[in-house]
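Data block for coords_1.txt (compact mmCIF, C-alpha atoms):
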# COMPACT_ATOMS: atom_id res chain seq x y z
CA MET A 1 0.00 0.00 0.00
CA LYS A 2 1.20 3.49 -0.84
CA ILE A 3 0.28 6.59 1.17
CA ILE A 4 -0.34 9.65 -1.00
CA THR A 5 -0.64 13.18 0.41
CA SER A 6 -0.58 15.16 -2.84
CA ALA A 7 -3.78 15.66 -4.81
CA ALA A 8 -1.84 16.05 -8.05
CA GLU A 9 0.09 12.81 -7.51
CA MET A 10 -3.08 10.91 -6.59
CA GLN A 11 -4.83 12.16 -9.71
CA GLN A 12 -1.90 11.22 -11.95
CA LEU A 13 -1.81 7.69 -10.49
CA SER A 14 -5.55 7.30 -10.95
CA LEU A 15 -5.45 8.45 -14.57
CA LYS A 16 -2.56 6.05 -15.24
CA HIS A 17 -4.52 3.10 -13.84
CA LYS A 18 -7.66 4.04 -15.75
CA SER A 19 -5.72 4.29 -19.02
CA SER A 20 -4.43 0.77 -18.32
CA GLY A 21 -7.98 -0.53 -17.93
CA ASN A 22 -7.93 -0.94 -14.16
CA GLY A 23 -11.25 -0.14 -12.51
CA ILE A 24 -10.96 2.02 -9.39
CA GLY A 25 -13.05 1.42 -6.28
CA PHE A 26 -13.09 4.31 -3.80
CA VAL A 27 -14.04 4.48 -0.12
CA PRO A 28 -14.09 8.07 1.22
CA THR A 29 -13.77 8.34 5.03
CA MET A 30 -12.86 10.73 7.82
CA GLY A 31 -10.74 8.04 9.44
CA PHE A 32 -10.96 6.28 12.80
CA LEU A 33 -11.95 3.19 10.85
CA HIS A 34 -14.25 0.49 12.21
CA GLU A 35 -15.80 -2.69 10.86
CA GLY A 36 -18.31 -0.72 8.82
CA HIS A 37 -15.46 0.80 6.85
CA THR A 38 -13.64 -2.50 6.42
CA THR A 39 -16.84 -4.01 5.04
CA LEU A 40 -16.87 -1.29 2.38
CA LEU A 41 -13.22 -2.03 1.62
CA LYS A 42 -13.85 -5.77 1.27
CA ARG A 43 -16.66 -5.06 -1.19
CA ALA A 44 -14.47 -2.61 -3.13
CA ARG A 45 -11.58 -5.09 -3.18
CA SER A 46 -13.81 -7.82 -4.61
CA GLU A 47 -15.14 -5.62 -7.43
CA ASN A 48 -12.20 -3.50 -8.60
CA GLY A 49 -8.63 -3.81 -9.83
CA ILE A 50 -7.49 -0.82 -7.74
CA VAL A 51 -8.82 0.26 -4.33
CA VAL A 52 -8.34 3.75 -2.92
CA LEU A 53 -9.33 4.85 0.58
CA SER A 54 -9.21 8.49 1.60
CA ILE A 55 -8.88 9.83 5.13
CA PHE A 56 -9.74 13.51 5.40
CA VAL A 57 -11.50 15.20 8.30
CA ASN A 58 -13.34 17.78 6.24
CA PRO A 59 -13.71 21.10 8.06
CA LEU A 60 -16.44 22.30 5.70
CA GLN A 61 -18.96 19.81 7.09
CA PHE A 62 -18.54 20.88 10.72
CA GLY A 63 -20.99 23.56 11.81
CA PRO A 64 -21.08 26.00 14.73
CA GLY A 65 -20.77 24.17 18.04
CA GLU A 66 -19.33 21.06 16.39
CA ASP A 67 -15.76 20.52 17.58
CA LEU A 68 -13.57 19.70 14.60
CA ASP A 69 -10.53 19.21 16.83
CA ALA A 70 -12.38 16.66 18.99
CA TYR A 71 -13.16 14.33 16.09
CA PRO A 72 -11.40 10.99 16.85
CA ARG A 73 -8.21 10.33 14.90
CA ASP A 74 -5.77 7.41 14.88
CA PHE A 75 -3.82 7.36 11.65
CA GLU A 76 -1.43 4.55 12.61
CA ARG A 77 -4.32 2.25 13.52
CA ASP A 78 -6.14 3.23 10.32
CA THR A 79 -3.05 2.47 8.26
CA ARG A 80 -2.81 -1.04 9.69
CA ALA A 81 -6.49 -1.64 8.93
CA THR A 82 -6.18 -0.49 5.32
CA GLU A 83 -3.10 -2.67 4.78
CA ARG A 84 -4.99 -5.72 6.09
CA GLU A 85 -7.77 -5.11 3.57
CA GLY A 86 -5.43 -4.89 0.60
CA VAL A 87 -5.90 -1.20 -0.16
CA ASP A 88 -3.63 -0.02 -2.97
CA TYR A 89 -3.57 3.70 -2.15
CA LEU A 90 -4.36 5.60 1.03
CA PHE A 91 -5.04 9.22 0.11
CA TYR A 92 -4.27 11.33 3.19
CA PRO A 93 -4.22 15.03 2.27
CA ALA A 94 -3.79 17.95 4.64
CA VAL A 95 -6.45 20.65 4.83
CA ASP A 96 -4.18 23.08 2.96
CA GLU A 97 -3.81 20.49 0.18
CA MET A 98 -7.56 20.15 -0.29
CA TYR A 99 -8.36 23.83 0.24
CA PRO A 100 -5.24 25.81 -0.70
CA ASN A 101 -7.20 28.97 -1.52
CA LYS A 102 -10.50 30.59 -0.68
CA PRO A 103 -12.98 28.83 -3.00
CA SER A 104 -14.39 30.84 -5.88
CA VAL A 105 -17.24 28.36 -6.44
CA LYS A 106 -19.58 26.90 -3.83
CA VAL A 107 -21.46 23.59 -4.05
CA THR A 108 -24.92 23.97 -2.50
CA VAL A 109 -27.28 21.05 -2.00
CA GLN A 110 -30.87 22.13 -2.65
CA GLU A 111 -32.87 18.95 -2.01
CA ARG A 112 -32.95 16.12 0.53
CA THR A 113 -31.21 18.22 3.22
CA ASP A 114 -33.94 19.94 5.25
CA VAL A 115 -34.92 16.76 7.13
CA LEU A 116 -33.21 14.22 9.40
CA CYS A 117 -29.63 15.26 10.33
CA GLY A 118 -29.56 17.99 7.71
CA LYS A 119 -32.31 19.92 9.50
CA SER A 120 -30.13 20.58 12.56
CA ARG A 121 -26.86 20.90 10.62
CA PRO A 122 -27.34 23.68 8.05
CA GLY A 123 -24.53 23.69 5.53
CA HIS A 124 -23.29 20.24 6.51
CA PHE A 125 -24.20 18.58 3.22
CA ASP A 126 -22.83 21.53 1.26
CA GLY A 127 -19.48 20.64 2.85
CA VAL A 128 -19.97 16.95 2.05
CA ALA A 129 -20.87 17.69 -1.57
CA THR A 130 -17.92 20.06 -1.96
CA VAL A 131 -15.29 17.64 -0.67
CA LEU A 132 -16.75 14.72 -2.62
CA THR A 133 -16.76 16.76 -5.83
CA LYS A 134 -13.05 17.37 -5.30
CA LEU A 135 -12.32 13.77 -4.33
CA PHE A 136 -14.22 12.38 -7.32
CA HIS A 137 -12.10 14.53 -9.66
CA ILE A 138 -8.88 13.57 -7.87
CA ILE A 139 -9.51 9.82 -7.51
CA GLN A 140 -11.40 9.31 -10.79
CA PRO A 141 -13.29 6.29 -9.34
CA ASP A 142 -15.53 3.91 -11.23
CA LYS A 143 -17.38 2.82 -8.08
CA VAL A 144 -17.74 4.63 -4.75
CA TYR A 145 -18.86 2.80 -1.61
CA PHE A 146 -20.99 4.27 1.17
CA GLY A 147 -22.61 2.70 4.20
CA LEU A 148 -26.38 3.02 4.50
CA LYS A 149 -26.11 3.90 8.18
CA ASP A 150 -26.00 7.48 6.94
CA ALA A 151 -28.77 6.98 4.41
CA GLN A 152 -29.39 10.70 4.00
CA GLN A 153 -25.79 11.16 2.91
CA VAL A 154 -26.22 8.36 0.36
CA ALA A 155 -29.36 10.05 -0.98
CA VAL A 156 -27.60 13.42 -1.24
CA VAL A 157 -24.54 11.90 -2.95
CA GLU A 158 -26.70 10.02 -5.44
CA GLY A 159 -28.32 13.36 -6.31
CA LEU A 160 -24.89 15.00 -6.68
CA VAL A 161 -23.64 12.28 -9.03
CA SER A 162 -26.82 12.38 -11.12
CA ASP A 163 -27.03 16.17 -11.37
CA PHE A 164 -23.35 16.68 -12.24
CA ASN A 165 -23.09 13.62 -14.53
CA PHE A 166 -20.13 12.08 -12.72
CA PRO A 167 -19.07 8.95 -14.63
CA LEU A 168 -19.20 6.70 -11.59
CA GLU A 169 -21.54 4.39 -9.71
CA ILE A 170 -22.56 4.82 -6.07
CA ILE A 171 -22.66 1.47 -4.25
CA PRO A 172 -24.76 1.60 -1.05
CA VAL A 173 -23.76 -1.09 1.48
CA GLU A 174 -25.96 -2.34 4.30
CA THR A 175 -25.23 -1.09 7.82
CA VAL A 176 -22.75 -3.22 9.75
CA ARG A 177 -23.96 -3.98 13.26
CA GLU A 178 -22.72 -5.32 16.57
CA GLU A 179 -24.16 -8.64 17.75
CA ASP A 180 -26.90 -6.82 19.68
CA GLY A 181 -27.85 -4.72 16.63
CA LEU A 182 -26.11 -1.44 17.43
CA ALA A 183 -24.81 0.15 14.25
CA LYS A 184 -21.02 0.30 14.09
CA SER A 185 -19.79 3.87 14.55
CA SER A 186 -16.63 5.68 15.58
CA ARG A 187 -18.81 7.53 18.10
CA ASN A 188 -19.66 4.36 20.01
CA VAL A 189 -16.39 4.69 21.94
CA TYR A 190 -17.91 7.69 23.76
CA LEU A 191 -20.74 5.64 25.30
CA ARG A 192 -20.56 4.82 29.00
CA PRO A 193 -21.23 1.12 29.82
CA GLU A 194 -24.86 1.68 30.78
CA GLU A 195 -25.39 3.83 27.67
CA ARG A 196 -23.86 1.15 25.50
CA THR A 197 -26.43 -1.33 26.80
CA GLN A 198 -29.28 1.10 26.19
CA ALA A 199 -28.02 1.98 22.69
CA ALA A 200 -28.93 -1.50 21.47
CA GLU A 201 -32.58 -0.46 21.83
CA LEU A 202 -32.28 1.94 18.90
CA TYR A 203 -32.20 -0.88 16.39
CA GLN A 204 -34.80 -2.82 18.37
CA SER A 205 -37.14 0.17 18.07
CA LEU A 206 -36.72 0.08 14.29
CA ILE A 207 -37.44 -3.65 14.23
CA HIS A 208 -40.56 -2.86 16.26
CA ALA A 209 -41.58 -0.32 13.59
CA ARG A 210 -41.06 -2.88 10.86
CA LYS A 211 -43.33 -5.33 12.66
CA LEU A 212 -46.05 -2.68 12.90
CA ILE A 213 -45.86 -2.18 9.14
CA GLU A 214 -45.88 -5.93 8.51
CA ASN A 215 -49.07 -6.07 10.59
CA GLY A 216 -50.71 -3.47 8.36
CA GLU A 217 -50.00 -0.11 10.02
CA ARG A 218 -49.49 2.62 7.41
CA ARG A 219 -49.80 5.86 9.44
CA PRO A 220 -46.34 7.50 9.84
CA ASP A 221 -47.31 9.36 13.02
CA VAL A 222 -48.50 6.19 14.72
CA ILE A 223 -45.33 4.29 13.80
CA ALA A 224 -43.04 7.15 14.84
CA GLY A 225 -44.93 7.53 18.11
CA SER A 226 -44.52 3.85 18.89
CA VAL A 227 -40.78 4.04 18.18
CA ARG A 228 -40.52 7.04 20.48
CA GLN A 229 -42.31 5.21 23.29
CA HIS A 230 -40.02 2.21 22.86
CA ILE A 231 -36.91 4.36 23.20
CA THR A 232 -38.04 6.66 26.02
CA SER A 233 -39.07 3.69 28.15
CA ARG A 234 -35.68 2.01 27.76
CA CYS A 235 -33.04 4.72 27.24
CA LYS A 236 -31.86 7.64 29.35
CA ALA A 237 -31.13 9.79 26.33
CA THR A 238 -32.55 12.70 24.35
CA ILE A 239 -34.39 12.01 21.12
CA ASP A 240 -33.22 14.34 18.38
CA TYR A 241 -35.64 13.01 15.79
CA ILE A 242 -37.69 10.01 14.72
CA GLU A 243 -38.87 10.55 11.15
CA ILE A 244 -40.34 8.61 8.25
CA TYR A 245 -39.98 9.66 4.60
CA SER A 246 -40.01 8.32 1.07
CA TYR A 247 -36.57 7.18 -0.05
CA PRO A 248 -34.36 8.43 -1.61
CA ASP A 249 -36.37 11.61 -2.27
CA LEU A 250 -36.97 12.18 1.47
CA ASN A 251 -40.46 13.59 1.02
CA ASN A 252 -43.23 13.59 3.62
CA LEU A 253 -45.80 10.81 3.51
CA GLU A 254 -49.38 10.90 4.67
CA ARG A 255 -49.53 7.15 4.32
CA LEU A 256 -46.69 4.67 3.88
CA GLU A 257 -46.23 3.36 0.36
CA GLY A 258 -43.33 2.34 -1.84
CA LYS A 259 -39.77 2.61 -0.57
CA VAL A 260 -39.49 4.38 2.78
CA ILE A 261 -36.90 5.15 5.43
CA ILE A 262 -37.52 5.11 9.18
CA ALA A 263 -34.67 7.05 10.74
CA LEU A 264 -33.71 8.27 14.18
CA ALA A 265 -31.02 10.22 15.99
CA ILE A 266 -30.49 9.91 19.74
CA LYS A 267 -28.19 11.94 21.99
CA PHE A 268 -26.45 10.30 24.91
CA GLU A 269 -24.17 12.34 27.13
CA ARG A 270 -21.14 12.32 24.81
CA ALA A 271 -22.40 10.61 21.67
CA ARG A 272 -25.08 11.34 19.12
CA LEU A 273 -26.08 8.10 17.37
CA ILE A 274 -28.06 7.65 14.16
CA ASP A 275 -29.71 4.58 12.69
CA ASN A 276 -32.34 3.69 10.13
CA ILE A 277 -34.03 0.97 8.17
CA ILE A 278 -35.07 1.24 4.52
CA LEU A 279 -37.84 -1.00 3.28
CA ASN A 280 -40.36 -1.40 0.51
CA VAL A 281 -43.79 -1.39 2.08
CA GLU A 282 -45.38 -3.36 -0.77
CA GLU A 283 -42.88 -6.19 -0.29
CA LEU A 284 -43.66 -6.79 3.40

Output the file's structure as structure tokens, nothing else.
Amino acid sequence: MKIITSAAEMQQLSLKHKSSGNGIGFVPTMGFLHEGHTTLLKRARSENGIVVLSIFVNPLQFGPGEDLDAYPRDFERDTRATEREGVDYLFYPAVDEMYPNKPSVKVTVQERTDVLCGKSRPGHFDGVATVLTKLFHIIQPDKVYFGLKDAQQVAVVEGLVSDFNFPLEIIPVETVREEDGLAKSSRNVYLRPEERTQAAELYQSLIHARKLIENGERRPDVIAGSVRQHITSRCKATIDYIEIYSYPDLNNLERLEGKVIIALAIKFERARLIDNIILNVEEL
């Protein structure tokens, strides 16, 4: 594995591989890798001649009150993990490398952002779209892998790729979970032992919602209310949101139909956790 810190060098290597007929699979991350990331890497490794992973803690997607400096980092550990998964290139640019000058053009996401996490993080997905636009041009990937734990991000990125005609394919990968159902996340390390036990109820509340739909319930407010009751009776945490929308358009529904997402965000003392399930109502 080769570590690249220069955008120009990374782009030259990518163009060389593409001209040789090697497909490039790309996994963009902010580091502090966990099993969810390695699952993406395994999928990328199985489907592409060249695999690139990026580690870049993007300052543009941190809003007021969000501590960029506190984001967990462990580059040496991440390097070992990427080597184990057979990554060819680890792209690890500095902030000055990615943003050497004040930008003259801004990427603004207009749809799919005013709900779920985007509602409380104005400008967050503008930062995501900006850095991904740069990374897509630098890496020149054929396939890009994202975990569905952050399903809103996947929906936004799919819109970005479609609107700007990027010649690549977005590959959504199912959420990787602990044995008790908790979604893998770098933020899980901040949970106290009792919070870690309670956090398993987030996924259980989503399973509960699925069962309600399987039994014929189609009213979003009833389902969301039942999920809320499940969580509040079992977790000492603050509910940020429990919401149900069409997917991937993320539009409101008066009655469940077609493909939908049931998503939630819960705040424990030092960790804000998100989770979701995506299902096709007609197939249940």

Taking only residues of region 111-189 of chain A that have an atom at most 8 Å from an atom of region 25-37 of chain A, what is each one's shortest atom pair and its distance in Å to one decimal, using all atoms listed in the file, in chain and number order, as JSON lines?
{"residue": "A:Ile139", "atom": "CA", "partner": "A:Phe26", "partner_atom": "CA", "distance": 7.5}
{"residue": "A:Pro141", "atom": "CA", "partner": "A:Gly25", "partner_atom": "CA", "distance": 5.8}
{"residue": "A:Asp142", "atom": "CA", "partner": "A:Gly25", "partner_atom": "CA", "distance": 6.1}
{"residue": "A:Lys143", "atom": "CA", "partner": "A:Gly25", "partner_atom": "CA", "distance": 4.9}
{"residue": "A:Val144", "atom": "CA", "partner": "A:Phe26", "partner_atom": "CA", "distance": 4.8}
{"residue": "A:Tyr145", "atom": "CA", "partner": "A:Val27", "partner_atom": "CA", "distance": 5.3}
{"residue": "A:Phe146", "atom": "CA", "partner": "A:Val27", "partner_atom": "CA", "distance": 7.1}
{"residue": "A:Gly147", "atom": "CA", "partner": "A:Gly36", "partner_atom": "CA", "distance": 7.2}
{"residue": "A:Thr175", "atom": "CA", "partner": "A:Gly36", "partner_atom": "CA", "distance": 7.0}
{"residue": "A:Val176", "atom": "CA", "partner": "A:Gly36", "partner_atom": "CA", "distance": 5.2}
{"residue": "A:Arg177", "atom": "CA", "partner": "A:Gly36", "partner_atom": "CA", "distance": 7.9}
{"residue": "A:Lys184", "atom": "CA", "partner": "A:Gly36", "partner_atom": "CA", "distance": 6.0}
{"residue": "A:Ser185", "atom": "CA", "partner": "A:His34", "partner_atom": "CA", "distance": 6.9}
{"residue": "A:Ser186", "atom": "CA", "partner": "A:Phe32", "partner_atom": "CA", "distance": 6.3}

Å distance separating CA of Tyr89 (chain A) from CA of Val154 (chain A), one decimal place: 23.3 Å

Point-to-point distance in Å for CA of Pro122 (chain A) and CA of Ser246 (chain A): 21.1 Å

Within 12 Å of Glu97 (chain A) using only C-alpha atoms, minus same-chain residues under 6 positions, as a list in words: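 Neighbouring residues, sequence-local ones excluded: Ile4, Thr5, Ser6, Ala7, Ala8, Glu9, Met10, Phe56, Asn58, Phe91, Val131, Lys134, Leu135 and Ile138 of chain A.
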
Pairwise distance for CA of Pro103 (chain A) and CA of Phe125 (chain A), rounded to one decimal in Å: 16.4 Å

Pick from A:Val161, A:Val260, A:Ala265, A:Leu68 nearest to Leu202 (chain A), counting all atoms listed in the file: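 Between A:Val161, A:Val260, A:Ala265, A:Leu68, the residue approaching Leu202 (chain A) most closely is A:Ala265.
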
Among listed residues A:Asp74, A:Phe136, A:Asn252, A:Ala81, nearest Glu169 (chain A) (using only C-alpha atoms):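 Selected residue with least distance to Glu169 (chain A): A:Phe136.
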